[in-house]
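What follows is the content of coords_37.cif (mmCIF, C-alpha atoms).
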data_model
loop_
_atom_site.label_atom_id
_atom_site.label_comp_id
_atom_site.auth_asym_id
_atom_site.auth_seq_id
_atom_site.Cartn_x
_atom_site.Cartn_y
_atom_site.Cartn_z
CA MET A 909 -10.00 57.67 -87.74
CA SER A 910 -8.54 54.23 -88.10
CA VAL A 911 -8.07 52.39 -84.86
CA VAL A 912 -6.66 49.16 -86.31
CA ARG A 913 -2.90 49.36 -86.78
CA PHE A 914 -0.68 46.67 -88.33
CA THR A 915 2.07 46.26 -85.73
CA TYR A 916 4.24 43.23 -86.53
CA THR A 917 4.53 39.89 -88.26
CA GLY A 918 4.80 36.86 -86.02
CA ILE A 919 6.46 33.75 -87.39
CA ARG A 920 6.59 30.45 -85.58
CA VAL A 921 10.02 28.93 -84.95
CA THR A 922 10.71 25.36 -83.92
CA ASN A 923 14.12 26.03 -82.34
CA LEU A 924 14.35 29.48 -80.76
CA LYS A 925 18.13 29.56 -80.32
CA ARG A 926 18.76 28.50 -83.91
CA SER A 927 16.35 31.10 -85.28
CA LEU A 928 17.70 33.86 -83.02
CA ASP A 929 21.21 33.04 -84.23
CA PHE A 930 20.03 33.28 -87.82
CA TYR A 931 18.09 36.55 -87.52
CA GLN A 932 20.72 38.19 -85.29
CA LYS A 933 24.02 36.90 -86.64
CA VAL A 934 23.22 36.31 -90.29
CA LEU A 935 20.52 38.92 -90.98
CA GLU A 936 21.94 41.40 -88.43
CA MET A 937 18.64 42.14 -86.68
CA LYS A 938 18.51 43.37 -83.06
CA VAL A 939 16.32 42.04 -80.25
CA ILE A 940 14.12 44.87 -78.97
CA LEU A 941 11.64 42.98 -76.79
CA ARG A 942 11.32 39.54 -75.24
CA GLY A 943 8.54 38.01 -73.19
CA LYS A 944 6.70 34.91 -72.09
CA THR A 945 3.11 33.97 -72.64
CA GLU A 946 1.18 32.24 -69.89
CA ARG A 947 1.70 28.78 -71.28
CA ARG A 948 5.53 28.90 -71.31
CA GLY A 949 5.60 30.18 -74.84
CA VAL A 950 8.29 32.72 -75.70
CA TYR A 951 8.14 35.68 -78.04
CA VAL A 952 11.04 37.81 -79.21
CA HIS A 953 10.75 40.99 -81.29
CA LEU A 954 13.49 41.94 -83.72
CA LYS A 955 14.21 44.92 -85.95
CA SER A 956 16.89 45.73 -88.47
CA PRO A 957 18.85 48.88 -87.66
CA ASN A 958 17.42 51.71 -89.79
CA SER A 959 14.06 50.00 -90.36
CA PRO A 960 10.82 50.29 -88.39
CA GLN A 961 9.58 46.87 -89.56
CA ARG A 962 9.10 44.49 -86.66
CA LEU A 963 9.39 40.69 -86.74
CA GLU A 964 8.23 38.46 -83.90
CA LEU A 965 9.58 34.97 -83.33
CA ASN A 966 7.09 32.71 -81.55
CA TRP A 967 8.23 29.54 -79.85
CA TYR A 968 5.90 27.09 -78.12
CA PRO A 969 6.97 24.20 -75.86
CA VAL A 970 5.40 20.76 -76.06
CA GLY A 971 2.14 20.90 -74.13
CA ASN A 972 1.38 24.48 -75.12
CA ARG A 973 -1.93 24.62 -76.99
CA TYR A 974 -0.23 26.40 -79.92
CA CYS A 975 2.46 23.71 -80.20
CA THR A 976 0.71 21.96 -83.07
CA LYS A 977 2.56 19.83 -85.60
CA TYR A 978 4.80 22.17 -87.62
CA THR A 979 4.06 21.88 -91.32
CA LYS A 980 5.29 23.98 -94.21
CA GLY A 981 2.54 25.93 -95.96
CA GLU A 982 2.13 28.59 -98.59
CA GLU A 983 0.57 31.47 -96.68
CA LEU A 984 3.83 33.21 -95.79
CA ASP A 985 5.21 33.92 -99.22
CA HIS A 986 8.43 35.53 -98.01
CA LEU A 987 10.08 38.06 -95.70
CA ALA A 988 11.76 40.78 -97.76
CA PHE A 989 15.08 42.39 -96.87
CA TRP A 990 16.47 45.36 -98.78
CA VAL A 991 20.21 45.22 -99.51
CA ARG A 992 22.60 47.49 -101.36
CA ASP A 993 24.14 44.77 -103.52
CA VAL A 994 22.13 41.58 -103.97
CA HIS A 995 25.01 39.57 -105.46
CA SER A 996 27.61 40.27 -102.81
CA GLU A 997 25.08 40.12 -99.94
CA PHE A 998 23.73 36.77 -101.16
CA ASP A 999 27.27 35.34 -101.23
CA SER A 1000 28.05 36.80 -97.82
CA LEU A 1001 24.87 35.46 -96.17
CA VAL A 1002 25.39 31.99 -97.63
CA ARG A 1003 28.98 32.00 -96.31
CA ARG A 1004 27.56 32.90 -92.91
CA GLY A 1005 25.22 29.92 -92.92
CA ALA A 1006 22.03 30.86 -94.76
CA GLU A 1007 20.63 28.17 -97.05
CA PRO A 1008 20.49 29.40 -100.67
CA ALA A 1009 17.18 28.96 -102.52
CA ILE A 1010 17.37 31.01 -105.75
CA ALA A 1011 20.59 32.68 -106.92
CA PRO A 1012 20.45 36.41 -107.78
CA PHE A 1013 18.48 37.33 -110.92
CA ARG A 1014 17.34 40.56 -112.53
CA GLU A 1015 13.70 41.66 -112.67
CA GLY A 1016 13.38 45.02 -114.38
CA ALA A 1017 15.15 47.71 -112.38
CA TYR A 1018 15.72 45.33 -109.46
CA GLU A 1019 17.75 42.30 -108.53
CA LEU A 1020 16.31 39.56 -106.37
CA ALA A 1021 17.60 36.45 -104.67
CA PHE A 1022 16.11 34.02 -102.16
CA LEU A 1023 17.49 32.28 -99.11
CA LYS A 1024 15.78 30.13 -96.50
CA ASP A 1025 15.58 30.67 -92.75
CA PRO A 1026 16.21 27.68 -90.43
CA ASP A 1027 12.55 26.59 -90.65
CA GLY A 1028 12.44 26.95 -94.43
CA ILE A 1029 10.81 30.41 -94.63
CA TRP A 1030 11.78 32.18 -97.83
CA ILE A 1031 13.93 35.27 -97.28
CA GLU A 1032 13.96 37.65 -100.25
CA LEU A 1033 16.97 39.85 -100.88
CA LEU A 1034 15.90 42.86 -102.91
CA GLY A 1035 18.00 45.69 -104.30
CA LYS A 1036 18.37 48.00 -107.25
CA PHE A 1037 20.00 46.54 -110.34
CA ARG A 1038 23.51 47.95 -110.23
CA ALA A 1039 25.20 49.32 -113.35
CA SER A 1040 28.55 48.12 -112.01
CA LYS A 1041 27.15 44.58 -112.09
CA LYS A 1042 26.41 45.00 -115.81
CA LYS A 1043 30.06 45.77 -116.46
CA ARG A 1044 31.22 42.76 -114.48
CA GLN A 1045 28.86 40.49 -116.42
CA SER A 1046 29.86 41.76 -119.89
CA MET B 1411 27.02 49.35 -90.66
CA SER B 1412 24.17 46.97 -91.37
CA VAL B 1413 23.24 46.73 -95.01
CA VAL B 1414 20.43 44.17 -94.64
CA ARG B 1415 17.13 45.83 -93.83
CA PHE B 1416 13.83 44.06 -93.11
CA THR B 1417 11.41 45.81 -95.46
CA TYR B 1418 8.06 43.99 -95.56
CA THR B 1419 6.19 40.74 -95.04
CA GLY B 1420 4.79 39.12 -98.16
CA ILE B 1421 1.83 36.79 -97.77
CA ARG B 1422 0.40 34.72 -100.59
CA VAL B 1423 -3.27 35.18 -101.41
CA THR B 1424 -5.38 32.86 -103.55
CA ASN B 1425 -8.01 35.46 -104.51
CA LEU B 1426 -6.57 38.97 -104.80
CA LYS B 1427 -9.87 40.85 -104.89
CA ARG B 1428 -11.20 39.04 -101.84
CA SER B 1429 -8.02 39.66 -99.85
CA LEU B 1430 -7.81 43.32 -100.93
CA ASP B 1431 -11.41 43.77 -99.80
CA PHE B 1432 -10.54 42.25 -96.44
CA TYR B 1433 -7.35 44.20 -95.75
CA GLN B 1434 -8.78 47.48 -97.08
CA LYS B 1435 -12.41 47.40 -95.99
CA VAL B 1436 -12.26 45.32 -92.82
CA LEU B 1437 -8.75 46.07 -91.51
CA GLU B 1438 -8.71 49.61 -92.96
CA MET B 1439 -5.30 49.37 -94.61
CA LYS B 1440 -4.35 51.56 -97.58
CA VAL B 1441 -2.75 50.44 -100.85
CA ILE B 1442 0.56 52.25 -101.29
CA LEU B 1443 2.14 50.33 -104.16
CA ARG B 1444 1.04 47.87 -106.79
CA GLY B 1445 3.01 46.07 -109.48
CA LYS B 1446 3.37 43.05 -111.71
CA THR B 1447 6.14 40.51 -111.82
CA GLU B 1448 7.34 39.17 -115.12
CA ARG B 1449 5.21 36.04 -114.96
CA ARG B 1450 1.85 37.83 -114.58
CA GLY B 1451 2.05 37.73 -110.82
CA VAL B 1452 0.68 40.72 -108.94
CA TYR B 1453 1.93 42.32 -105.74
CA VAL B 1454 0.18 44.96 -103.69
CA HIS B 1455 1.68 46.76 -100.68
CA LEU B 1456 -0.55 47.94 -97.87
CA LYS B 1457 -0.06 49.97 -94.70
CA SER B 1458 -2.30 50.98 -91.85
CA PRO B 1459 -2.62 54.73 -91.36
CA ASN B 1460 -0.24 55.74 -88.54
CA SER B 1461 1.95 52.64 -88.86
CA PRO B 1462 5.14 52.13 -90.88
CA GLN B 1463 4.64 48.33 -91.04
CA ARG B 1464 4.26 47.12 -94.60
CA LEU B 1465 2.32 44.08 -95.79
CA GLU B 1466 2.61 42.69 -99.31
CA LEU B 1467 -0.09 40.56 -100.91
CA ASN B 1468 1.27 38.19 -103.56
CA TRP B 1469 -1.01 36.64 -106.14
CA TYR B 1470 0.15 34.17 -108.79
CA PRO B 1471 -1.89 33.01 -111.79
CA VAL B 1472 -2.02 29.39 -112.91
CA GLY B 1473 1.10 28.72 -114.96
CA ASN B 1474 3.28 31.02 -112.86
CA ARG B 1475 6.16 29.06 -111.33
CA TYR B 1476 5.19 30.29 -107.86
CA CYS B 1477 1.57 29.13 -108.27
CA THR B 1478 2.13 25.94 -106.33
CA LYS B 1479 -0.66 24.12 -104.53
CA TYR B 1480 -1.80 26.35 -101.66
CA THR B 1481 -1.56 24.56 -98.36
CA LYS B 1482 -1.97 25.86 -94.81
CA GLY B 1483 1.19 25.65 -92.74
CA GLU B 1484 2.52 26.77 -89.40
CA GLU B 1485 5.33 29.14 -90.33
CA LEU B 1486 3.25 32.32 -90.31
CA ASP B 1487 2.05 32.35 -86.74
CA HIS B 1488 -0.03 35.54 -87.07
CA LEU B 1489 -0.19 39.15 -88.23
CA ALA B 1490 -0.66 41.45 -85.24
CA PHE B 1491 -2.85 44.56 -85.26
CA TRP B 1492 -2.91 46.99 -82.38
CA VAL B 1493 -6.36 48.28 -81.42
CA ARG B 1494 -7.66 50.60 -78.72
CA ASP B 1495 -10.42 48.29 -77.49
CA VAL B 1496 -10.07 44.60 -78.32
CA HIS B 1497 -13.65 43.69 -77.37
CA SER B 1498 -15.44 46.32 -79.42
CA GLU B 1499 -13.03 46.04 -82.35
CA PHE B 1500 -13.40 42.24 -82.43
CA ASP B 1501 -17.18 42.60 -82.58
CA SER B 1502 -16.96 45.31 -85.22
CA LEU B 1503 -14.58 43.36 -87.48
CA VAL B 1504 -16.69 40.20 -87.24
CA ARG B 1505 -19.78 42.23 -88.18
CA ARG B 1506 -17.85 43.52 -91.19
CA GLY B 1507 -17.09 40.00 -92.39
CA ALA B 1508 -13.97 38.77 -90.58
CA GLU B 1509 -14.09 35.15 -89.46
CA PRO B 1510 -13.71 34.87 -85.67
CA ALA B 1511 -11.10 32.42 -84.34
CA ILE B 1512 -10.63 33.11 -80.61
CA ALA B 1513 -12.86 35.53 -78.68
CA PRO B 1514 -11.16 38.27 -76.61
CA PHE B 1515 -9.25 37.09 -73.53
CA ARG B 1516 -6.92 38.73 -71.04
CA GLU B 1517 -3.19 38.00 -70.84
CA GLY B 1518 -1.52 40.07 -68.13
CA ALA B 1519 -1.79 43.75 -68.95
CA TYR B 1520 -3.11 43.04 -72.44
CA GLU B 1521 -6.18 41.73 -74.15
CA LEU B 1522 -5.94 39.54 -77.23
CA ALA B 1523 -8.34 38.10 -79.76
CA PHE B 1524 -7.89 36.27 -83.04
CA LEU B 1525 -9.63 36.46 -86.39
CA LYS B 1526 -8.84 34.80 -89.72
CA ASP B 1527 -8.11 36.44 -93.05
CA PRO B 1528 -9.81 35.01 -96.20
CA ASP B 1529 -7.04 32.43 -96.66
CA GLY B 1530 -7.11 31.40 -93.01
CA ILE B 1531 -4.14 33.48 -91.78
CA TRP B 1532 -4.48 34.30 -88.10
CA ILE B 1533 -4.99 37.99 -87.38
CA GLU B 1534 -4.21 38.99 -83.79
CA LEU B 1535 -5.98 41.93 -82.21
CA LEU B 1536 -3.85 43.27 -79.38
CA GLY B 1537 -4.57 46.08 -76.97
CA LYS B 1538 -4.12 47.17 -73.39
CA PHE B 1539 -6.46 45.65 -70.84
CA ARG B 1540 -8.94 48.42 -70.20
CA ALA B 1541 -10.07 49.32 -66.69
CA SER B 1542 -13.46 50.27 -68.06
CA LYS B 1543 -13.83 46.71 -69.22
CA LYS B 1544 -13.23 45.53 -65.66
CA LYS B 1545 -16.15 47.60 -64.47
CA ARG B 1546 -18.38 46.27 -67.20
CA GLN B 1547 -17.46 42.69 -66.29
CA SER B 1548 -17.94 43.10 -62.53
#

Is it possible to give me this structure as C-alpha coordinates?
Amino acid sequence: MSVVRFTYTGIRVTNLKRSLDFYQKVLEMKVILRGKTERRGVYVHLKSPNSPQRLELNWYPVGNRYCTKYTKGEELDHLAFWVRDVHSEFDSLVRRGAEPAIAPFREGAYELAFLKDPDGIWIELLGKFRASKKKRQS
Amino acid sequence: MSVVRFTYTGIRVTNLKRSLDFYQKVLEMKVILRGKTERRGVYVHLKSPNSPQRLELNWYPVGNRYCTKYTKGEELDHLAFWVRDVHSEFDSLVRRGAEPAIAPFREGAYELAFLKDPDGIWIELLGKFRASKKKRQS
(Lines of atoms letter the chains of each structure in order from A and count residues from 1; the text may use other names and numbers.)
(Lines give C-alpha, C1' and ligand atoms only; values in the text may rest on other atoms or scores of the structure.)
Protein backbone atom coordinates (compact mmCIF):
# COMPACT_ATOMS: atom_id res chain seq x y z
CA MET A 1 0.00 0.00 0.00
CA SER A 2 1.32 3.40 -0.92
CA VAL A 3 2.06 5.63 2.02
CA VAL A 4 3.33 8.64 0.05
CA ARG A 5 0.48 10.92 -1.01
CA PHE A 6 0.81 14.06 -3.15
CA THR A 7 -1.06 16.66 -1.10
CA TYR A 8 -0.51 20.15 -2.53
CA THR A 9 1.67 22.45 -4.59
CA GLY A 10 3.42 25.23 -2.71
CA ILE A 11 4.42 28.32 -4.63
CA ARG A 12 6.48 31.12 -3.18
CA VAL A 13 5.00 34.62 -3.27
CA THR A 14 6.89 37.85 -2.71
CA ASN A 15 3.86 39.93 -1.66
CA LEU A 16 1.24 37.88 0.17
CA LYS A 17 -1.59 40.42 -0.01
CA ARG A 18 -1.11 40.96 -3.74
CA SER A 19 -1.06 37.23 -4.44
CA LEU A 20 -4.06 36.54 -2.18
CA ASP A 21 -5.98 39.26 -4.03
CA PHE A 22 -5.08 37.64 -7.34
CA TYR A 23 -5.94 34.04 -6.42
CA GLN A 24 -9.09 35.02 -4.51
CA LYS A 25 -10.53 37.91 -6.50
CA VAL A 26 -9.34 37.14 -10.01
CA LEU A 27 -9.12 33.33 -10.00
CA GLU A 28 -12.00 32.94 -7.49
CA MET A 29 -10.21 30.52 -5.16
CA LYS A 30 -11.17 30.21 -1.47
CA VAL A 31 -8.83 30.22 1.52
CA ILE A 32 -9.24 26.94 3.42
CA LEU A 33 -6.27 27.04 5.79
CA ARG A 34 -3.77 29.59 7.04
CA GLY A 35 -0.81 29.22 9.37
CA LYS A 36 2.58 30.43 10.46
CA THR A 37 5.86 28.61 10.43
CA GLU A 38 8.29 29.07 13.29
CA ARG A 39 10.36 31.67 11.52
CA ARG A 40 7.50 34.13 10.86
CA GLY A 41 6.78 32.61 7.50
CA VAL A 42 3.13 32.42 6.45
CA TYR A 43 1.34 29.75 4.45
CA VAL A 44 -2.15 29.94 3.03
CA HIS A 45 -4.00 27.06 1.33
CA LEU A 46 -6.50 27.77 -1.42
CA LYS A 47 -8.94 25.69 -3.45
CA SER A 48 -11.30 26.44 -6.29
CA PRO A 49 -14.93 25.62 -5.52
CA ASN A 50 -15.70 22.23 -7.11
CA SER A 51 -12.06 21.12 -7.28
CA PRO A 52 -10.02 19.10 -4.78
CA GLN A 53 -6.71 20.54 -6.04
CA ARG A 54 -4.90 22.47 -3.34
CA LEU A 55 -2.50 25.39 -3.82
CA GLU A 56 -0.30 26.74 -1.05
CA LEU A 57 1.09 30.26 -1.04
CA ASN A 58 4.35 30.56 0.91
CA TRP A 59 5.59 33.92 2.09
CA TYR A 60 8.86 34.45 3.95
CA PRO A 61 9.94 37.66 5.72
CA VAL A 62 13.44 39.06 5.46
CA GLY A 63 15.61 37.14 7.91
CA ASN A 64 13.76 33.86 7.39
CA ARG A 65 16.17 31.21 6.12
CA TYR A 66 13.88 30.53 3.13
CA CYS A 67 13.79 34.21 2.16
CA THR A 68 16.43 33.79 -0.53
CA LYS A 69 16.68 36.10 -3.52
CA TYR A 70 13.58 35.54 -5.65
CA THR A 71 14.52 34.58 -9.19
CA LYS A 72 12.36 33.36 -12.04
CA GLY A 73 13.12 29.80 -13.11
CA GLU A 74 11.75 27.13 -15.38
CA GLU A 75 10.79 24.36 -12.98
CA LEU A 76 7.19 25.44 -12.49
CA ASP A 77 5.89 25.22 -16.02
CA HIS A 78 2.38 26.43 -15.21
CA LEU A 79 -0.68 26.12 -12.98
CA ALA A 80 -3.65 24.90 -15.03
CA PHE A 81 -7.22 26.12 -14.55
CA TRP A 82 -10.15 24.55 -16.38
CA VAL A 83 -12.73 27.01 -17.73
CA ARG A 84 -15.91 26.63 -19.73
CA ASP A 85 -15.05 29.23 -22.36
CA VAL A 86 -11.37 30.12 -22.76
CA HIS A 87 -12.00 33.22 -24.89
CA SER A 88 -14.52 34.92 -22.66
CA GLU A 89 -12.74 33.87 -19.44
CA PHE A 90 -9.40 35.17 -20.72
CA ASP A 91 -10.98 38.55 -21.51
CA SER A 92 -12.75 38.63 -18.16
CA LEU A 93 -9.62 37.78 -16.14
CA VAL A 94 -7.53 40.37 -17.98
CA ARG A 95 -10.22 43.00 -17.28
CA ARG A 96 -10.00 42.02 -13.62
CA GLY A 97 -6.26 42.61 -13.52
CA ALA A 98 -4.48 39.46 -14.71
CA GLU A 99 -1.50 40.06 -16.98
CA PRO A 100 -2.03 38.42 -20.39
CA ALA A 101 0.79 36.19 -21.71
CA ILE A 102 -0.57 34.25 -24.72
CA ALA A 103 -3.99 34.98 -26.24
CA PRO A 104 -6.39 32.04 -26.71
CA PHE A 105 -5.41 29.49 -29.38
CA ARG A 106 -6.71 26.10 -30.47
CA GLU A 107 -4.81 22.86 -29.90
CA GLY A 108 -6.78 19.90 -31.21
CA ALA A 109 -10.02 19.50 -29.29
CA TYR A 110 -8.97 22.13 -26.74
CA GLU A 111 -8.43 25.84 -26.44
CA LEU A 112 -5.62 27.26 -24.34
CA ALA A 113 -4.52 30.67 -23.18
CA PHE A 114 -1.93 31.89 -20.70
CA LEU A 115 -1.91 34.62 -18.10
CA LYS A 116 0.66 35.51 -15.45
CA ASP A 117 0.22 35.66 -11.69
CA PRO A 118 1.68 38.66 -9.79
CA ASP A 119 5.10 36.97 -9.51
CA GLY A 120 5.14 35.95 -13.16
CA ILE A 121 3.97 32.33 -12.77
CA TRP A 122 2.23 31.11 -15.90
CA ILE A 123 -1.47 30.42 -15.43
CA GLU A 124 -2.96 28.18 -18.12
CA LEU A 125 -6.62 28.48 -19.03
CA LEU A 126 -7.79 25.23 -20.57
CA GLY A 127 -11.17 24.33 -22.02
CA LYS A 128 -12.86 22.38 -24.76
CA PHE A 129 -12.87 23.95 -28.20
CA ARG A 130 -16.38 25.30 -28.54
CA ALA A 131 -18.37 24.87 -31.76
CA SER A 132 -20.05 28.22 -31.11
CA LYS A 133 -16.61 29.82 -31.29
CA LYS A 134 -16.15 28.35 -34.78
CA LYS A 135 -19.29 30.11 -35.95
CA ARG A 136 -18.18 33.42 -34.48
CA GLN A 137 -14.80 33.13 -36.20
CA SER A 138 -16.19 32.25 -39.66
CA MET B 1 -21.01 30.18 -9.78
CA SER B 2 -17.27 29.87 -10.23
CA VAL B 3 -16.22 28.77 -13.67
CA VAL B 4 -12.45 28.81 -13.08
CA ARG B 5 -11.24 25.55 -11.58
CA PHE B 6 -7.66 24.76 -10.50
CA THR B 7 -6.97 21.45 -12.23
CA TYR B 8 -3.30 20.51 -11.95
CA THR B 9 0.27 21.70 -11.44
CA GLY B 10 2.58 21.38 -14.42
CA ILE B 11 6.29 21.16 -13.76
CA ARG B 12 8.91 21.19 -16.48
CA VAL B 13 11.32 18.25 -16.64
CA THR B 14 14.55 18.13 -18.60
CA ASN B 15 14.73 14.32 -18.87
CA LEU B 16 11.31 12.70 -19.07
CA LYS B 17 12.42 9.12 -18.43
CA ARG B 18 14.45 10.10 -15.39
CA SER B 19 11.60 12.13 -13.90
CA LEU B 20 9.00 9.43 -14.65
CA ASP B 21 11.24 6.90 -12.90
CA PHE B 22 11.46 9.20 -9.89
CA TYR B 23 7.76 10.05 -9.56
CA GLN B 24 6.64 6.48 -10.32
CA LYS B 25 9.26 4.31 -8.66
CA VAL B 26 10.40 6.49 -5.77
CA LEU B 27 7.26 8.53 -4.99
CA GLU B 28 4.89 5.73 -6.09
CA MET B 29 2.67 7.88 -8.30
CA LYS B 30 0.65 6.39 -11.17
CA VAL B 31 0.44 7.68 -14.75
CA ILE B 32 -3.18 8.50 -15.55
CA LEU B 33 -2.85 10.42 -18.82
CA ARG B 34 -0.21 10.98 -21.45
CA GLY B 35 -0.25 13.11 -24.58
CA LYS B 36 1.68 15.13 -27.12
CA THR B 37 1.42 18.80 -27.92
CA GLU B 38 1.66 19.96 -31.48
CA ARG B 39 5.33 20.83 -31.27
CA ARG B 40 6.53 17.36 -30.17
CA GLY B 41 6.24 18.26 -26.52
CA VAL B 42 5.08 15.52 -24.17
CA TYR B 43 2.89 15.78 -21.09
CA VAL B 44 2.23 13.08 -18.53
CA HIS B 45 -0.26 13.32 -15.66
CA LEU B 46 0.39 11.49 -12.42
CA LYS B 47 -1.54 10.93 -9.20
CA SER B 48 -0.76 9.22 -5.93
CA PRO B 49 -3.14 6.39 -5.05
CA ASN B 50 -5.72 7.76 -2.58
CA SER B 51 -5.17 11.41 -3.55
CA PRO B 52 -7.01 13.54 -6.11
CA GLN B 53 -4.04 15.91 -6.54
CA ARG B 54 -2.73 15.89 -10.08
CA LEU B 55 0.84 16.57 -11.22
CA GLU B 56 1.78 17.14 -14.86
CA LEU B 57 5.29 16.58 -16.18
CA ASN B 58 6.07 18.72 -19.22
CA TRP B 59 8.94 17.85 -21.52
CA TYR B 60 9.94 19.93 -24.55
CA PRO B 61 12.39 18.85 -27.26
CA VAL B 62 15.03 21.18 -28.68
CA GLY B 63 13.34 23.38 -31.27
CA ASN B 64 10.06 23.55 -29.35
CA ARG B 65 9.22 27.16 -28.51
CA TYR B 66 8.89 26.26 -24.84
CA CYS B 67 12.33 24.60 -24.74
CA THR B 68 14.00 27.64 -23.23
CA LYS B 69 17.17 27.42 -21.17
CA TYR B 70 16.31 25.56 -17.95
CA THR B 71 17.17 27.63 -14.92
CA LYS B 72 16.37 27.06 -11.26
CA GLY B 73 14.11 29.69 -9.76
CA GLU B 74 12.18 30.37 -6.60
CA GLU B 75 8.57 30.37 -7.75
CA LEU B 76 7.90 26.69 -7.09
CA ASP B 77 8.54 26.51 -3.39
CA HIS B 78 7.89 22.76 -3.07
CA LEU B 79 5.60 19.84 -3.84
CA ALA B 80 4.19 18.41 -0.61
CA PHE B 81 3.65 14.70 0.03
CA TRP B 82 1.86 13.42 3.09
CA VAL B 83 3.44 10.36 4.72
CA ARG B 84 2.63 8.31 7.81
CA ASP B 85 6.15 8.36 9.26
CA VAL B 86 8.47 11.11 8.04
CA HIS B 87 11.64 9.55 9.48
CA SER B 88 11.25 6.08 8.01
CA GLU B 89 9.86 7.36 4.70
CA PHE B 90 12.74 9.84 4.33
CA ASP B 91 15.25 7.03 4.84
CA SER B 92 13.38 4.75 2.47
CA LEU B 93 13.12 7.33 -0.33
CA VAL B 94 16.80 8.24 -0.03
CA ARG B 95 17.71 4.54 -0.25
CA ARG B 96 15.59 4.36 -3.41
CA GLY B 97 17.52 7.19 -5.04
CA ALA B 98 16.00 10.49 -3.90
CA GLU B 99 18.51 13.23 -3.11
CA PRO B 100 18.21 14.37 0.51
CA ALA B 101 17.91 18.13 1.16
CA ILE B 102 16.88 18.62 4.81
CA ALA B 103 16.73 15.73 7.30
CA PRO B 104 13.50 15.26 9.30
CA PHE B 105 12.74 17.94 11.90
CA ARG B 106 9.79 18.77 14.11
CA GLU B 107 7.57 21.82 13.62
CA GLY B 108 4.79 21.93 16.20
CA ALA B 109 2.51 18.95 15.78
CA TYR B 110 4.15 17.94 12.51
CA GLU B 111 7.37 16.53 11.22
CA LEU B 112 8.88 17.72 7.95
CA ALA B 113 11.76 16.70 5.73
CA PHE B 114 12.87 17.72 2.26
CA LEU B 115 14.19 15.81 -0.72
CA LYS B 116 14.95 16.93 -4.27
CA ASP B 117 13.48 15.63 -7.51
CA PRO B 118 15.88 14.96 -10.45
CA ASP B 119 15.66 18.59 -11.61
CA GLY B 120 16.21 19.95 -8.11
CA ILE B 121 12.55 20.65 -7.20
CA TRP B 122 12.02 20.50 -3.45
CA ILE B 123 9.83 17.62 -2.32
CA GLU B 124 8.37 18.08 1.17
CA LEU B 125 7.55 15.06 3.29
CA LEU B 126 4.93 16.02 5.84
CA GLY B 127 3.39 13.95 8.59
CA LYS B 128 2.11 14.12 12.13
CA PHE B 129 4.70 14.11 14.88
CA ARG B 130 4.57 10.58 16.17
CA ALA B 131 4.57 9.81 19.90
CA SER B 132 6.46 6.61 19.20
CA LYS B 133 9.24 8.73 17.79
CA LYS B 134 9.40 10.63 21.07
CA LYS B 135 10.04 7.39 22.92
CA ARG B 136 12.72 6.37 20.49
CA GLN B 137 14.46 9.74 20.90
CA SER B 138 14.31 9.81 24.70

Please determine the contact residues of chain A with respect to chain B at a cut-off of 9 Å, counting all atoms listed in the file, and supply them as an MDAnalysis selection string.
-> chainID A and resid 909:921 935:937 945:946 955:963 965:966 976:993 997 1015:1016 1027:1029 1033

Name the residues captured by the PyMOL selection byres ((chain A and resi 1004) around 12) when it is applied to the shown file; answer as a list of chain:residue names.
->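 Evaluating the PyMOL selection byres ((chain A and resi 1004) around 12) on these coordinates yields A:Asp929, A:Phe930, A:Tyr931, A:Gln932, A:Lys933, A:Val934, A:Leu935, A:Glu936, A:Glu997, A:Phe998, A:Asp999, A:Ser1000, A:Leu1001, A:Val1002, A:Arg1003, A:Gly1005, A:Ala1006, A:Glu1007, A:Pro1008, A:Leu1023.
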
Mind giving me the axis-aligned box for region 1471-1481 of chain B with 6 Å on every side, centre plus edges in Å to one decimal, as JSON?
{"center_x": 2.1, "center_y": 28.6, "center_z": -106.7, "size_x": 20.2, "size_y": 20.9, "size_z": 28.6}

Between CA of Lys938 (chain A) and CA of Ala1519 (chain B) - distance in Å to one decimal |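 Computing the Euclidean distance for CA of Ala1519 (chain B) and CA of Lys938 (chain A) yields 24.7 Å.
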
Please indicate the distance in Å from CA of Phe1037 (chain A) to CA of Arg1014 (chain A), rounded to one decimal place.
->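 According to the coordinates, CA of Phe1037 (chain A) and CA of Arg1014 (chain A) are separated by 6.9 Å.
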
What is the CA of Asn1425 (chain B)-CA of Ile1442 (chain B) distance in Å, reported with one decimal?
-> 19.1 Å

Which residues come within 9 Å of Ile1512 (chain B), counting all atoms listed in the file, excluding same-chain residues fewer than 3 positions away, as number ranges by chain?
-> B: 1515, 1522-1525
